[in-house]
Amino acid sequence: TVCVVGSINMDHMIGMQRLPVPGETLLGRTMGKFPGGKGFNQAVAAHRSGAAVRFFGRVGNDSEGALLREAFDQIGLEDRFLQVDPDSPTGAAQVLSLPGSENAIIVVPGANAALDVQALPEALLGADVLMVQMEVGHDTASAALALGKDAGVTTILNAAPSGSVTTATLALADIVVVNETEAAELGGVEALLQSGPDAVVLTLGARGAEWHVHGAEPIRVPAFRITPRDTTGAGDAFCGALAAALSAKISCGDALVRAAAAGAIVAMATGAQTETLCPRNLDRMIAR
Ligand code: ADP
């Protein structure tokens, strides 16, 4: 079982030619509304990679929160640990999608910022892996990792966004997952290893991924050769599938391959959550 503690948002996407300047009104071309948030994306990816998943997060007492709860039902994900905040709205992201697959994004955390980890020990009962990212804020992420340590589960920190990550937080993670930008912001892979985790997993987009440990050559896996359509959420799919594989006691090298396959499958589709991610398609991608 994988327990994911993290953010859950409603993403509002508008496709447009360019960004408006202050005082200007522009016409958009398309719009859509999708469930999102790094935490929820990773939970869905872990579930679609075949793991039993508990998502631990918080929405507002509003229509968007109700829509997100319905999404749990459609996806087949348990919503027992989804909290409802009486005061703050459901987290939201405004994604302005520009030509050439560039995005400008505004996130309003809302209820995510009020996530309460008091009930987390219950969600960790019988779990093998805890996955945390930084979108719920530094203190909540740290508290969650500390509770994971107490429960004796494997703790994974996806240090994204990396701005508020401290060495104390890194020390609570058994495994830290970062992309190249985050690794650079945190002083590089060596510095990350020095802060305490057993392993640092570095994702390299179309160049694959690496599993770094102290005093040994990293395990390197190439990316699967695909034609990317929308790489949004590739990193989240990678993290979710990695957590699922590790909870199934798959070795780190094979887990890395499965995670890279999940990243590739999501990069081939539009959006961060795609139904084409499933155990059968993971096996197919790996077998090519
Ligand atoms: P993030 O989305 O967090 O920046 P990356 O871009 O490093 O993360 O992508 C995460 C993983 O997804 C990569 O390690 C790789 O395995 C897979 N991936 C991402 N983009 C591609 C791509 N264009 N082709 C194949 N695999 C990809």
# chains A, B, ... in the order shown; residues from 1 in each chain; ligands from 1

call {"tool": "residues_near_ligand", "arguments": {"ligand": "ligand 1", "cutoff": "7 Å", "atoms": "only C-alpha atoms and all ligand atoms", "output": "ChimeraX atom specification"}}
result
/A:179-180,203-209,223-228,231-236,238,259-261,263-264,267

call {"tool": "write_last_selection", "arguments": {"atoms": "C-alpha atoms", "output": "PDB file, in the first residue's frame"}}
result
ATOM      1  CA  ASN A 179      14.180  16.879 -11.608  1.00  0.00           C
ATOM      2  CA  GLU A 180      17.244  18.722 -12.920  1.00  0.00           C
ATOM      3  CA  THR A 203      14.757  12.665 -13.488  1.00  0.00           C
ATOM      4  CA  LEU A 204      16.217  13.962 -16.734  1.00  0.00           C
ATOM      5  CA  GLY A 205      13.174  14.390 -19.005  1.00  0.00           C
ATOM      6  CA  ALA A 206      13.848  12.867 -22.434  1.00  0.00           C
ATOM      7  CA  ARG A 207      17.254  11.691 -21.151  1.00  0.00           C
ATOM      8  CA  GLY A 208      15.833   9.274 -18.596  1.00  0.00           C
ATOM      9  CA  ALA A 209      16.506   8.935 -14.885  1.00  0.00           C
ATOM     10  CA  ALA A 223      14.006   7.423 -21.411  1.00  0.00           C
ATOM     11  CA  PHE A 224      11.643   5.397 -23.591  1.00  0.00           C
ATOM     12  CA  ARG A 225      11.662   6.748 -27.131  1.00  0.00           C
ATOM     13  CA  ILE A 226       8.260   8.272 -27.715  1.00  0.00           C
ATOM     14  CA  THR A 227       6.731  11.269 -29.459  1.00  0.00           C
ATOM     15  CA  PRO A 228       5.764  13.580 -26.592  1.00  0.00           C
ATOM     16  CA  THR A 231       4.850  16.475 -20.813  1.00  0.00           C
ATOM     17  CA  THR A 232       2.688  18.023 -18.028  1.00  0.00           C
ATOM     18  CA  GLY A 233       2.567  15.516 -15.185  1.00  0.00           C
ATOM     19  CA  ALA A 234       5.342  13.243 -16.503  1.00  0.00           C
ATOM     20  CA  GLY A 235       7.260  13.838 -13.285  1.00  0.00           C
ATOM     21  CA  ASP A 236       4.169  13.099 -11.163  1.00  0.00           C
ATOM     22  CA  PHE A 238       7.136   8.905 -12.585  1.00  0.00           C
ATOM     23  CA  ALA A 259       8.682   4.869 -13.341  1.00  0.00           C
ATOM     24  CA  ALA A 260      10.291   5.980 -16.619  1.00  0.00           C
ATOM     25  CA  ALA A 261       7.656   4.003 -18.548  1.00  0.00           C
ATOM     26  CA  GLY A 263       6.505   9.166 -17.345  1.00  0.00           C
ATOM     27  CA  ALA A 264       6.650   8.291 -21.047  1.00  0.00           C
ATOM     28  CA  ALA A 267       4.081  12.493 -21.855  1.00  0.00           C
TER      29      ALA A 267
END

call {"tool": "residues_around", "arguments": {"residues": "A:Arg220", "least_positions_apart": "4", "cutoff": "9 Å", "atoms": "only C-alpha atoms", "output": "PyMOL selection string"}}
result
chain A and resi 208-212+253+256

call {"tool": "residues_around", "arguments": {"residues": "A:Gly148", "least_positions_apart": "2", "cutoff": "12 Å", "atoms": "only C-alpha atoms", "output": "ChimeraX atom specification"}}
result
/A:2-5,117,120-132,141-146,150-157,172-174

call {"tool": "write_last_selection", "arguments": {"atoms": "N, CA and C atoms", "output": "compact mmCIF listing (two decimals), in the first residue's frame"}}
result
# COMPACT_ATOMS: atom_id res chain seq x y z
N VAL A 2 0.46 2.21 -0.85
CA VAL A 2 1.15 3.51 -0.94
C VAL A 2 0.25 4.56 -0.30
N CYS A 3 0.79 5.37 0.60
CA CYS A 3 0.06 6.50 1.13
C CYS A 3 0.66 7.77 0.54
N VAL A 4 -0.16 8.57 -0.12
CA VAL A 4 0.31 9.83 -0.70
C VAL A 4 -0.27 10.98 0.10
N VAL A 5 0.59 11.82 0.67
CA VAL A 5 0.15 13.04 1.35
C VAL A 5 0.45 14.19 0.41
N VAL A 117 -2.29 16.84 9.60
CA VAL A 117 -1.72 15.48 9.55
C VAL A 117 -2.04 14.64 10.79
N LEU A 120 -2.89 11.15 10.16
CA LEU A 120 -2.01 10.41 9.24
C LEU A 120 -1.57 9.04 9.76
N PRO A 121 -1.27 8.88 11.07
CA PRO A 121 -0.87 7.55 11.54
C PRO A 121 -1.87 6.46 11.16
N GLU A 122 -3.15 6.81 11.17
CA GLU A 122 -4.19 5.84 10.79
C GLU A 122 -4.06 5.46 9.31
N ALA A 123 -3.78 6.47 8.48
CA ALA A 123 -3.63 6.20 7.04
C ALA A 123 -2.35 5.41 6.75
N LEU A 124 -1.41 5.45 7.68
CA LEU A 124 -0.13 4.75 7.47
C LEU A 124 -0.16 3.31 7.96
N LEU A 125 -1.24 2.93 8.67
CA LEU A 125 -1.34 1.56 9.18
C LEU A 125 -1.31 0.57 8.02
N GLY A 126 -0.35 -0.32 8.02
CA GLY A 126 -0.27 -1.32 6.96
C GLY A 126 0.31 -0.82 5.66
N ALA A 127 0.72 0.47 5.60
CA ALA A 127 1.31 1.00 4.37
C ALA A 127 2.79 0.62 4.29
N ASP A 128 3.33 0.56 3.08
CA ASP A 128 4.75 0.26 2.87
C ASP A 128 5.52 1.52 2.54
N VAL A 129 4.86 2.42 1.82
CA VAL A 129 5.54 3.59 1.28
C VAL A 129 4.72 4.85 1.54
N LEU A 130 5.39 5.92 1.96
CA LEU A 130 4.75 7.24 2.08
C LEU A 130 5.41 8.17 1.07
N MET A 131 4.57 8.84 0.27
CA MET A 131 5.06 9.77 -0.74
C MET A 131 4.56 11.17 -0.39
N VAL A 132 5.48 12.14 -0.34
CA VAL A 132 5.13 13.51 0.02
C VAL A 132 5.78 14.47 -0.98
N ALA A 141 4.66 19.04 5.20
CA ALA A 141 5.46 18.00 4.54
C ALA A 141 6.42 17.36 5.54
N SER A 142 7.09 18.18 6.34
CA SER A 142 8.04 17.66 7.33
C SER A 142 7.34 16.80 8.37
N ALA A 143 6.19 17.30 8.86
CA ALA A 143 5.45 16.55 9.88
C ALA A 143 5.00 15.19 9.32
N ALA A 144 4.58 15.18 8.06
CA ALA A 144 4.14 13.93 7.43
C ALA A 144 5.30 12.94 7.34
N LEU A 145 6.47 13.43 6.91
CA LEU A 145 7.63 12.55 6.78
C LEU A 145 8.04 12.00 8.15
N ALA A 146 7.99 12.85 9.17
CA ALA A 146 8.35 12.40 10.52
C ALA A 146 7.39 11.30 10.99
N ASP A 150 8.20 7.37 11.98
CA ASP A 150 7.69 6.72 13.21
C ASP A 150 6.98 5.41 12.87
N ALA A 151 6.25 5.42 11.75
CA ALA A 151 5.46 4.24 11.37
C ALA A 151 6.33 3.17 10.72
N GLY A 152 7.59 3.51 10.41
CA GLY A 152 8.50 2.52 9.83
C GLY A 152 8.26 2.23 8.36
N VAL A 153 7.59 3.15 7.65
CA VAL A 153 7.40 2.96 6.21
C VAL A 153 8.56 3.61 5.45
N THR A 154 8.73 3.25 4.19
CA THR A 154 9.72 3.91 3.34
C THR A 154 9.21 5.30 2.99
N THR A 155 9.98 6.33 3.33
CA THR A 155 9.52 7.70 3.07
C THR A 155 10.17 8.25 1.81
N ILE A 156 9.34 8.75 0.90
CA ILE A 156 9.84 9.35 -0.34
C ILE A 156 9.40 10.81 -0.38
N LEU A 157 10.35 11.70 -0.60
CA LEU A 157 10.03 13.11 -0.77
C LEU A 157 10.30 13.51 -2.21
N LEU A 172 14.57 13.51 6.66
CA LEU A 172 13.46 12.64 7.04
C LEU A 172 13.04 11.71 5.90
N ALA A 173 13.67 11.88 4.73
CA ALA A 173 13.29 11.08 3.57
C ALA A 173 14.29 9.94 3.36
N ASP A 174 13.80 8.74 3.08
CA ASP A 174 14.68 7.65 2.68
C ASP A 174 15.13 7.86 1.23

call {"tool": "select_by_dssp", "arguments": {"residues": "stretch 119-273 of chain A", "states": "helix (DSSP H, G or I)", "output": "number ranges by chain"}}
result
A: 119-124, 138-151, 162-164, 167-170, 180-185, 189-194, 205-207, 234-247, 252-267

call {"tool": "residues_around", "arguments": {"residues": "A:Ala262", "least_positions_apart": "4", "cutoff": "9 Å", "atoms": "only C-alpha atoms", "output": "PDB file with N, CA and C atoms, in the first residue's frame"}}
result
ATOM      1  N   ALA A  45      -1.526   8.156 -10.334  1.00  0.00           N
ATOM      2  CA  ALA A  45      -0.516   7.394 -11.082  1.00  0.00           C
ATOM      3  C   ALA A  45      -0.123   6.120 -10.341  1.00  0.00           C
ATOM      4  N   SER A  49      -0.836   2.384 -11.638  1.00  0.00           N
ATOM      5  CA  SER A  49       0.318   1.499 -11.816  1.00  0.00           C
ATOM      6  C   SER A  49       0.108   0.182 -11.078  1.00  0.00           C
ATOM      7  N   ALA A 234       4.437  14.395 -16.304  1.00  0.00           N
ATOM      8  CA  ALA A 234       5.342  13.243 -16.503  1.00  0.00           C
ATOM      9  C   ALA A 234       6.095  12.943 -15.208  1.00  0.00           C
ATOM     10  N   ALA A 237       3.734  11.278 -12.715  1.00  0.00           N
ATOM     11  CA  ALA A 237       3.498   9.876 -13.077  1.00  0.00           C
ATOM     12  C   ALA A 237       4.711   9.029 -12.697  1.00  0.00           C
ATOM     13  N   PHE A 238       5.889   9.580 -12.952  1.00  0.00           N
ATOM     14  CA  PHE A 238       7.136   8.905 -12.585  1.00  0.00           C
ATOM     15  C   PHE A 238       7.142   8.618 -11.080  1.00  0.00           C
ATOM     16  N   CYS A 239       6.835   9.638 -10.278  1.00  0.00           N
ATOM     17  CA  CYS A 239       6.850   9.490  -8.812  1.00  0.00           C
ATOM     18  C   CYS A 239       5.816   8.462  -8.345  1.00  0.00           C
ATOM     19  N   GLY A 240       4.615   8.537  -8.897  1.00  0.00           N
ATOM     20  CA  GLY A 240       3.559   7.615  -8.486  1.00  0.00           C
ATOM     21  C   GLY A 240       3.908   6.173  -8.812  1.00  0.00           C
ATOM     22  N   ALA A 241       4.421   5.956 -10.022  1.00  0.00           N
ATOM     23  CA  ALA A 241       4.772   4.594 -10.441  1.00  0.00           C
ATOM     24  C   ALA A 241       5.972   4.077  -9.652  1.00  0.00           C
ATOM     25  N   LEU A 242       6.897   4.977  -9.315  1.00  0.00           N
ATOM     26  CA  LEU A 242       8.055   4.581  -8.499  1.00  0.00           C
ATOM     27  C   LEU A 242       7.580   4.105  -7.125  1.00  0.00           C
ATOM     28  N   VAL A 257      12.846   1.737 -14.083  1.00  0.00           N
ATOM     29  CA  VAL A 257      12.362   1.475 -15.445  1.00  0.00           C
ATOM     30  C   VAL A 257      10.844   1.646 -15.501  1.00  0.00           C
ATOM     31  N   ARG A 258      10.142   1.127 -14.511  1.00  0.00           N
ATOM     32  CA  ARG A 258       8.675   1.239 -14.469  1.00  0.00           C
ATOM     33  C   ARG A 258       8.249   2.699 -14.340  1.00  0.00           C
ATOM     34  N   VAL A 266       2.503   9.138 -19.861  1.00  0.00           N
ATOM     35  CA  VAL A 266       1.803  10.399 -19.593  1.00  0.00           C
ATOM     36  C   VAL A 266       2.277  11.510 -20.536  1.00  0.00           C
ATOM     37  N   ALA A 267       3.559  11.497 -20.911  1.00  0.00           N
ATOM     38  CA  ALA A 267       4.081  12.493 -21.855  1.00  0.00           C
ATOM     39  C   ALA A 267       3.473  12.326 -23.245  1.00  0.00           C
ATOM     40  N   LEU A 277      -2.514   5.195 -18.690  1.00  0.00           N
ATOM     41  CA  LEU A 277      -1.591   4.641 -17.701  1.00  0.00           C
ATOM     42  C   LEU A 277      -2.287   3.484 -16.985  1.00  0.00           C
ATOM     43  N   CYS A 278      -1.779   2.279 -17.177  1.00  0.00           N
ATOM     44  CA  CYS A 278      -2.337   1.093 -16.521  1.00  0.00           C
ATOM     45  C   CYS A 278      -1.239   0.024 -16.516  1.00  0.00           C
ATOM     46  N   ASN A 281      -0.282  -1.359 -20.032  1.00  0.00           N
ATOM     47  CA  ASN A 281       0.489  -0.461 -20.894  1.00  0.00           C
ATOM     48  C   ASN A 281       1.902  -0.231 -20.367  1.00  0.00           C
ATOM     49  N   LEU A 282       2.071  -0.302 -19.047  1.00  0.00           N
ATOM     50  CA  LEU A 282       3.430  -0.214 -18.482  1.00  0.00           C
ATOM     51  C   LEU A 282       4.251  -1.412 -18.955  1.00  0.00           C
ATOM     52  N   MET A 285       5.095  -0.979 -22.667  1.00  0.00           N
ATOM     53  CA  MET A 285       6.138   0.028 -22.887  1.00  0.00           C
ATOM     54  C   MET A 285       7.501  -0.571 -22.539  1.00  0.00           C
TER      55      MET A 285
END

call {"tool": "closest_residue", "arguments": {"among": "A:Gly23, A:Gly271, A:Gly57, A:Pro161", "to": "A:Gly110", "atoms": "only C-alpha atoms"}}
result
A:Gly57

call {"tool": "residues_around", "arguments": {"residues": "A:Glu185", "least_positions_apart": "6", "cutoff": "12 Å", "atoms": "only C-alpha atoms", "output": "VMD selection string"}}
result
chain A and resid 159 to 166 178 to 179 191 to 192

call {"tool": "closest_residue", "arguments": {"among": "A:Asn61, A:Asn158, A:Asn112, A:Ser101", "to": "A:Gly137", "atoms": "only C-alpha atoms"}}
result
A:Asn112

call {"tool": "closest_residue", "arguments": {"among": "A:Glu24, A:Asp11, A:Asp254, A:Asp62", "to": "A:Phe40", "atoms": "only C-alpha atoms"}}
result
A:Asp11

call {"tool": "residues_around", "arguments": {"residues": "A:Ala113", "least_positions_apart": "2", "cutoff": "9 Å", "atoms": "only C-alpha atoms", "output": "ChimeraX atom specification"}}
result
/A:7,58,88,91,109-111,115-116,135-137,140
